[in-house]
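To be precise, the following lines are query24.cif, and they hold mmCIF, N, CA and C atoms.
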```
data_run
loop_
_atom_site.label_atom_id
_atom_site.label_comp_id
_atom_site.auth_asym_id
_atom_site.auth_seq_id
_atom_site.Cartn_x
_atom_site.Cartn_y
_atom_site.Cartn_z
N MET A 1 -2.65 17.37 -0.08
CA MET A 1 -2.35 15.98 0.09
C MET A 1 -1.42 15.50 -1.03
N ILE A 2 -1.66 15.97 -2.24
CA ILE A 2 -0.81 15.56 -3.35
C ILE A 2 0.62 16.05 -3.14
N GLU A 3 0.74 17.25 -2.58
CA GLU A 3 2.08 17.78 -2.31
C GLU A 3 2.80 16.93 -1.26
N SER A 4 2.08 16.48 -0.25
CA SER A 4 2.67 15.61 0.77
C SER A 4 3.12 14.29 0.16
N LEU A 5 2.30 13.75 -0.73
CA LEU A 5 2.66 12.51 -1.41
C LEU A 5 3.95 12.70 -2.21
N GLY A 6 4.05 13.81 -2.92
CA GLY A 6 5.27 14.09 -3.68
C GLY A 6 6.48 14.18 -2.78
N GLY A 7 6.32 14.83 -1.63
CA GLY A 7 7.43 14.92 -0.67
C GLY A 7 7.83 13.56 -0.12
N SER A 8 6.84 12.72 0.14
CA SER A 8 7.13 11.37 0.65
C SER A 8 7.87 10.54 -0.40
N LEU A 9 7.45 10.68 -1.65
CA LEU A 9 8.15 9.96 -2.72
C LEU A 9 9.59 10.45 -2.86
N GLY A 10 9.79 11.76 -2.70
CA GLY A 10 11.15 12.29 -2.75
C GLY A 10 12.01 11.72 -1.63
N SER A 11 11.44 11.59 -0.45
CA SER A 11 12.17 10.99 0.68
C SER A 11 12.49 9.53 0.41
N LEU A 12 11.53 8.80 -0.17
CA LEU A 12 11.76 7.40 -0.51
C LEU A 12 12.89 7.29 -1.52
N ARG A 13 12.91 8.17 -2.50
CA ARG A 13 13.99 8.16 -3.50
C ARG A 13 15.34 8.34 -2.82
N GLN A 14 15.41 9.25 -1.87
CA GLN A 14 16.66 9.51 -1.16
C GLN A 14 17.11 8.28 -0.38
N VAL A 15 16.18 7.60 0.28
CA VAL A 15 16.51 6.39 1.05
C VAL A 15 17.02 5.30 0.11
N LEU A 16 16.36 5.12 -1.02
CA LEU A 16 16.80 4.11 -1.99
C LEU A 16 18.20 4.40 -2.49
N ASP A 17 18.49 5.66 -2.79
CA ASP A 17 19.84 6.04 -3.23
C ASP A 17 20.88 5.76 -2.14
N GLN A 18 20.55 6.11 -0.90
CA GLN A 18 21.49 5.88 0.20
C GLN A 18 21.77 4.40 0.40
N LEU A 19 20.71 3.58 0.34
CA LEU A 19 20.91 2.13 0.49
C LEU A 19 21.73 1.56 -0.66
N ALA A 20 21.45 2.02 -1.87
CA ALA A 20 22.21 1.55 -3.03
C ALA A 20 23.68 1.94 -2.89
N ASN A 21 23.94 3.17 -2.52
CA ASN A 21 25.33 3.62 -2.34
C ASN A 21 26.04 2.82 -1.26
N TRP A 22 25.34 2.53 -0.17
CA TRP A 22 25.96 1.76 0.91
C TRP A 22 26.30 0.35 0.44
N HIS A 23 25.38 -0.29 -0.30
CA HIS A 23 25.66 -1.64 -0.80
C HIS A 23 26.85 -1.63 -1.76
N GLU A 24 26.95 -0.62 -2.60
CA GLU A 24 28.09 -0.55 -3.52
C GLU A 24 29.38 -0.27 -2.75
N ARG A 25 29.33 0.66 -1.80
CA ARG A 25 30.51 1.06 -1.06
C ARG A 25 31.08 -0.08 -0.21
N THR A 26 30.21 -0.94 0.31
CA THR A 26 30.67 -2.02 1.20
C THR A 26 30.70 -3.39 0.52
N ALA A 27 30.52 -3.42 -0.79
CA ALA A 27 30.45 -4.70 -1.51
C ALA A 27 31.71 -5.54 -1.34
N ASP A 28 32.88 -4.89 -1.28
CA ASP A 28 34.13 -5.66 -1.17
C ASP A 28 34.33 -6.26 0.22
N GLN A 29 33.48 -5.95 1.17
CA GLN A 29 33.57 -6.49 2.52
C GLN A 29 32.59 -7.63 2.77
N THR A 30 31.85 -8.04 1.75
CA THR A 30 30.77 -9.00 1.95
C THR A 30 31.16 -10.40 1.50
N ILE A 31 30.44 -11.37 2.04
CA ILE A 31 30.52 -12.75 1.58
C ILE A 31 29.10 -13.25 1.39
N ASP A 32 28.94 -14.29 0.58
CA ASP A 32 27.59 -14.83 0.42
C ASP A 32 27.35 -15.89 1.49
N THR A 33 26.22 -16.56 1.42
CA THR A 33 25.85 -17.52 2.47
C THR A 33 26.74 -18.76 2.49
N THR A 34 27.51 -18.97 1.43
CA THR A 34 28.44 -20.11 1.42
C THR A 34 29.84 -19.69 1.84
N GLY A 35 30.03 -18.39 2.14
CA GLY A 35 31.33 -17.89 2.56
C GLY A 35 32.18 -17.37 1.41
N ASP A 36 31.64 -17.31 0.22
CA ASP A 36 32.39 -16.87 -0.96
C ASP A 36 32.39 -15.35 -1.04
N GLY A 37 33.58 -14.76 -1.05
CA GLY A 37 33.70 -13.31 -1.13
C GLY A 37 33.27 -12.76 -2.47
N ASP A 38 33.61 -13.47 -3.56
CA ASP A 38 33.20 -13.01 -4.89
C ASP A 38 31.68 -13.03 -5.02
N GLY A 39 31.07 -14.08 -4.48
CA GLY A 39 29.61 -14.18 -4.51
C GLY A 39 28.96 -13.07 -3.71
N GLY A 40 29.54 -12.74 -2.57
CA GLY A 40 29.02 -11.65 -1.75
C GLY A 40 29.13 -10.31 -2.46
N TYR A 41 30.28 -10.11 -3.13
CA TYR A 41 30.47 -8.87 -3.87
C TYR A 41 29.43 -8.73 -4.97
N ARG A 42 29.25 -9.81 -5.74
CA ARG A 42 28.27 -9.78 -6.83
C ARG A 42 26.85 -9.54 -6.29
N ALA A 43 26.52 -10.20 -5.19
CA ALA A 43 25.18 -10.04 -4.61
C ALA A 43 24.97 -8.61 -4.12
N ALA A 44 25.95 -8.04 -3.43
CA ALA A 44 25.82 -6.67 -2.93
C ALA A 44 25.70 -5.68 -4.08
N PHE A 45 26.49 -5.90 -5.13
CA PHE A 45 26.41 -5.00 -6.28
C PHE A 45 25.07 -5.15 -6.99
N ASP A 46 24.55 -6.39 -7.06
CA ASP A 46 23.23 -6.62 -7.66
C ASP A 46 22.14 -5.89 -6.87
N VAL A 47 22.24 -5.95 -5.54
CA VAL A 47 21.27 -5.23 -4.70
C VAL A 47 21.35 -3.73 -4.98
N ALA A 48 22.57 -3.21 -5.08
CA ALA A 48 22.74 -1.78 -5.36
C ALA A 48 22.09 -1.41 -6.69
N MET A 49 22.30 -2.23 -7.71
CA MET A 49 21.71 -1.94 -9.02
C MET A 49 20.18 -1.97 -8.96
N GLN A 50 19.62 -2.95 -8.25
CA GLN A 50 18.17 -3.04 -8.13
C GLN A 50 17.60 -1.84 -7.36
N LEU A 51 18.29 -1.41 -6.33
CA LEU A 51 17.83 -0.25 -5.57
C LEU A 51 17.90 1.03 -6.41
N TRP A 52 18.95 1.17 -7.22
CA TRP A 52 19.02 2.33 -8.11
C TRP A 52 17.89 2.30 -9.13
N GLN A 53 17.58 1.11 -9.63
CA GLN A 53 16.46 0.98 -10.58
C GLN A 53 15.14 1.38 -9.91
N ALA A 54 14.96 0.94 -8.67
CA ALA A 54 13.75 1.32 -7.93
C ALA A 54 13.71 2.84 -7.73
N ALA A 55 14.86 3.44 -7.45
CA ALA A 55 14.92 4.89 -7.26
C ALA A 55 14.52 5.63 -8.54
N ILE A 56 14.91 5.09 -9.69
CA ILE A 56 14.52 5.71 -10.96
C ILE A 56 13.01 5.65 -11.13
N HIS A 57 12.41 4.51 -10.80
CA HIS A 57 10.95 4.39 -10.91
C HIS A 57 10.24 5.33 -9.94
N VAL A 58 10.77 5.46 -8.75
CA VAL A 58 10.17 6.38 -7.77
C VAL A 58 10.29 7.82 -8.26
N GLU A 59 11.41 8.15 -8.89
CA GLU A 59 11.56 9.50 -9.43
C GLU A 59 10.53 9.76 -10.53
N GLN A 60 10.27 8.76 -11.36
CA GLN A 60 9.24 8.91 -12.40
C GLN A 60 7.87 9.12 -11.76
N ALA A 61 7.59 8.37 -10.70
CA ALA A 61 6.31 8.54 -9.99
C ALA A 61 6.24 9.93 -9.35
N THR A 62 7.36 10.40 -8.82
CA THR A 62 7.40 11.73 -8.22
C THR A 62 7.08 12.80 -9.26
N ASP A 63 7.64 12.65 -10.46
CA ASP A 63 7.36 13.60 -11.54
C ASP A 63 5.88 13.57 -11.93
N ALA A 64 5.29 12.37 -11.99
CA ALA A 64 3.88 12.25 -12.34
C ALA A 64 2.99 12.90 -11.29
N VAL A 65 3.32 12.69 -10.02
CA VAL A 65 2.54 13.31 -8.94
C VAL A 65 2.69 14.82 -8.98
N ALA A 66 3.90 15.31 -9.27
CA ALA A 66 4.11 16.75 -9.37
C ALA A 66 3.30 17.34 -10.52
N ALA A 67 3.19 16.60 -11.62
CA ALA A 67 2.39 17.07 -12.76
C ALA A 67 0.91 17.13 -12.40
N ALA A 68 0.47 16.29 -11.49
CA ALA A 68 -0.94 16.27 -11.08
C ALA A 68 -1.26 17.38 -10.09
N ARG A 69 -0.24 17.94 -9.47
CA ARG A 69 -0.46 18.94 -8.43
C ARG A 69 -1.17 20.19 -8.96
N ASP A 70 -0.74 20.72 -10.10
CA ASP A 70 -1.35 21.95 -10.63
C ASP A 70 -2.81 21.75 -11.02
N PRO A 71 -3.15 20.72 -11.81
CA PRO A 71 -4.58 20.54 -12.12
C PRO A 71 -5.41 20.26 -10.87
N ALA A 72 -4.85 19.57 -9.90
CA ALA A 72 -5.60 19.27 -8.68
C ALA A 72 -5.91 20.56 -7.92
N GLY A 73 -5.04 21.55 -8.04
CA GLY A 73 -5.26 22.82 -7.36
C GLY A 73 -6.41 23.63 -7.95
N ARG A 74 -6.82 23.26 -9.16
CA ARG A 74 -7.93 23.97 -9.80
C ARG A 74 -9.28 23.30 -9.55
N ILE A 75 -9.30 22.24 -8.78
CA ILE A 75 -10.54 21.52 -8.50
C ILE A 75 -11.19 22.12 -7.26
N SER A 76 -12.48 22.35 -7.36
CA SER A 76 -13.26 22.80 -6.22
C SER A 76 -14.36 21.77 -5.97
N TRP A 77 -14.30 21.15 -4.83
CA TRP A 77 -15.28 20.11 -4.50
C TRP A 77 -16.46 20.74 -3.78
N PRO A 78 -17.68 20.43 -4.20
CA PRO A 78 -18.84 20.97 -3.48
C PRO A 78 -18.92 20.33 -2.10
N PRO A 79 -19.52 21.04 -1.14
CA PRO A 79 -19.64 20.45 0.20
C PRO A 79 -20.50 19.19 0.16
N ILE A 80 -20.14 18.25 0.97
CA ILE A 80 -20.88 16.99 1.05
C ILE A 80 -22.05 17.19 2.00
N ARG A 81 -23.21 16.88 1.51
CA ARG A 81 -24.41 17.01 2.34
C ARG A 81 -24.63 15.70 3.09
N PRO A 82 -25.00 15.79 4.35
CA PRO A 82 -25.26 14.55 5.09
C PRO A 82 -26.45 13.81 4.50
N ALA A 83 -26.39 12.50 4.55
CA ALA A 83 -27.49 11.68 4.04
C ALA A 83 -28.73 11.91 4.90
N THR A 84 -29.85 11.97 4.23
CA THR A 84 -31.10 12.16 4.96
C THR A 84 -31.90 10.87 4.91
N HIS A 85 -32.54 10.56 6.00
CA HIS A 85 -33.40 9.38 6.07
C HIS A 85 -34.80 9.77 5.63
N THR A 86 -35.36 8.97 4.73
CA THR A 86 -36.70 9.28 4.25
C THR A 86 -37.77 8.70 5.16
N GLY A 87 -37.42 7.69 5.88
CA GLY A 87 -38.43 7.05 6.72
C GLY A 87 -37.99 6.98 8.16
N GLY A 88 -38.93 6.67 8.98
CA GLY A 88 -38.63 6.54 10.39
C GLY A 88 -38.18 5.14 10.73
N ARG A 89 -38.18 4.88 11.99
CA ARG A 89 -37.72 3.59 12.48
C ARG A 89 -38.63 2.45 12.03
N ALA A 90 -39.89 2.70 11.86
CA ALA A 90 -40.84 1.66 11.48
C ALA A 90 -40.56 1.11 10.09
N GLU A 91 -39.91 1.88 9.24
CA GLU A 91 -39.65 1.42 7.88
C GLU A 91 -38.40 0.55 7.78
N ARG A 92 -37.59 0.53 8.80
CA ARG A 92 -36.37 -0.29 8.76
C ARG A 92 -36.69 -1.71 9.15
N SER A 93 -36.08 -2.66 8.44
CA SER A 93 -36.30 -4.06 8.80
C SER A 93 -35.10 -4.57 9.57
N LEU A 94 -35.36 -5.46 10.47
CA LEU A 94 -34.32 -6.03 11.30
C LEU A 94 -33.95 -7.41 10.79
N ALA A 95 -32.75 -7.82 11.10
CA ALA A 95 -32.30 -9.16 10.72
C ALA A 95 -33.09 -10.18 11.54
N PRO A 96 -33.28 -11.40 11.00
CA PRO A 96 -34.00 -12.41 11.76
C PRO A 96 -33.23 -12.76 13.03
N PRO A 97 -33.93 -13.16 14.07
CA PRO A 97 -33.25 -13.48 15.33
C PRO A 97 -32.34 -14.70 15.17
N SER A 98 -31.28 -14.71 15.92
CA SER A 98 -30.34 -15.82 15.89
C SER A 98 -30.75 -16.88 16.90
N LEU A 99 -30.46 -18.13 16.58
CA LEU A 99 -30.73 -19.21 17.53
C LEU A 99 -29.48 -19.57 18.33
N PHE A 100 -28.47 -18.73 18.25
CA PHE A 100 -27.24 -19.00 18.97
C PHE A 100 -27.52 -19.09 20.47
N GLY A 101 -27.13 -20.19 21.05
CA GLY A 101 -27.32 -20.39 22.48
C GLY A 101 -28.68 -20.93 22.85
N ALA A 102 -29.58 -21.07 21.89
CA ALA A 102 -30.93 -21.58 22.20
C ALA A 102 -30.89 -23.10 22.29
N ASP A 103 -31.86 -23.66 23.01
CA ASP A 103 -31.93 -25.11 23.14
C ASP A 103 -32.50 -25.78 21.89
N THR A 104 -33.15 -25.02 21.05
CA THR A 104 -33.72 -25.60 19.84
C THR A 104 -32.74 -25.45 18.69
N THR A 105 -32.93 -26.25 17.66
CA THR A 105 -32.07 -26.16 16.48
C THR A 105 -32.88 -25.59 15.33
N ARG A 106 -32.19 -25.02 14.43
CA ARG A 106 -32.82 -24.43 13.25
C ARG A 106 -33.24 -25.57 12.32
N PRO A 107 -34.43 -25.53 11.78
CA PRO A 107 -34.86 -26.59 10.87
C PRO A 107 -34.02 -26.58 9.60
N ASP A 108 -33.75 -27.79 9.06
CA ASP A 108 -32.98 -27.90 7.83
C ASP A 108 -33.76 -27.32 6.67
N THR A 109 -33.07 -26.58 5.85
CA THR A 109 -33.67 -26.02 4.65
C THR A 109 -33.39 -26.96 3.50
N ALA A 110 -34.38 -27.25 2.71
CA ALA A 110 -34.20 -28.18 1.59
C ALA A 110 -33.11 -27.66 0.66
N GLY A 111 -32.24 -28.57 0.23
CA GLY A 111 -31.20 -28.23 -0.72
C GLY A 111 -29.90 -27.78 -0.07
N ILE A 112 -29.88 -27.59 1.22
CA ILE A 112 -28.65 -27.18 1.89
C ILE A 112 -28.19 -28.32 2.77
N SER A 113 -26.98 -28.80 2.50
CA SER A 113 -26.46 -29.90 3.32
C SER A 113 -25.58 -29.32 4.42
N ARG A 114 -25.51 -30.02 5.50
CA ARG A 114 -24.71 -29.56 6.62
C ARG A 114 -23.55 -30.48 6.84
#
```

Would it be possible to restate this file's structure as structure tokens?
Amino acid sequence: MIESLGGSLGSLRQVLDQLANWHERTADQTIDTTGDGDGGYRAAFDVAMQLWQAAIHVEQATDAVAAARDPAGRISWPPIRPATHTGGRAERSLAPPSLFGADTTRPDTAGISR
């Protein structure tokens, strides 16, 4: 499972790099919401920089997960034993019956306002 996580993080890193490259490559074709080309260029380049920063963080996480892979491979988990019931059905208590749909109302309990 740890190896799969590492692979997924590697794929995420690749997607972040591709998106960042696309934003940088097409920045000169953009405009911002007011129609300003310079503003669009700056915004697209800012997005590219943020995506590259995210890719760096994902790469660091990928390295940390890879470092955990070897020690995790040395772990042996004992089999899980199913829970055993100590008592029979008579020892289990049931919830009090509900008055939902009944013609009577539940008496007010002191200290609780409705």

What's the separation between CA of Gly37 in chain A and atom N of Leu19 in chain A, in Å to one decimal place? 21.4 Å

Can you list, as a list of chain:residue names, every protein, DNA or RNA residue that comes within 12 Å of Ala64 in chain A when you count only C-alpha atoms, leaving out same-chain residues fewer than 3 positions away? A:Ile2, A:Glu3, A:Leu5, A:Gly6, A:Leu9, A:His57, A:Val58, A:Glu59, A:Gln60, A:Ala61, A:Ala67, A:Ala68, A:Arg69, A:Asp70, A:Pro71

Pick out the closest residue to Asp17 in chain A from this set: A:Tyr41, A:Thr34, A:Thr84, A:Leu51. Count all atoms listed in the file. A:Leu51

On this file, the PyMOL selection byres (((chain A and resi 13 and name CA) around 9) and name CA) gives some set of residues; write that set as a PyMOL selection string. chain A and resi 8-12+14-18+52+54-59+62

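Here atom C of Asp36 in chain A and atom C of Gln50 in chain A stand 21.0 Å from one another.
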
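In this model, the gap between CA of Trp77 in chain A and CA of Met1 in chain A comes to 14.3 Å.
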
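Across the chains present, the PyMOL selection byres ((chain A and resi 23) around 8) applied to this file returns Asp17, Gln18, Leu19, Ala20, Asn21, Trp22, Glu24, Arg25, Thr26, Ala27, Asp28, Ala43, Ala44, Phe45, Asp46, Val47, Ala48 and Met49 of chain A.
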
What are the DSSP helix (DSSP H, G or I) residues of range 31-76 of chain A, as a ChimeraX atom specification? /A:37-73
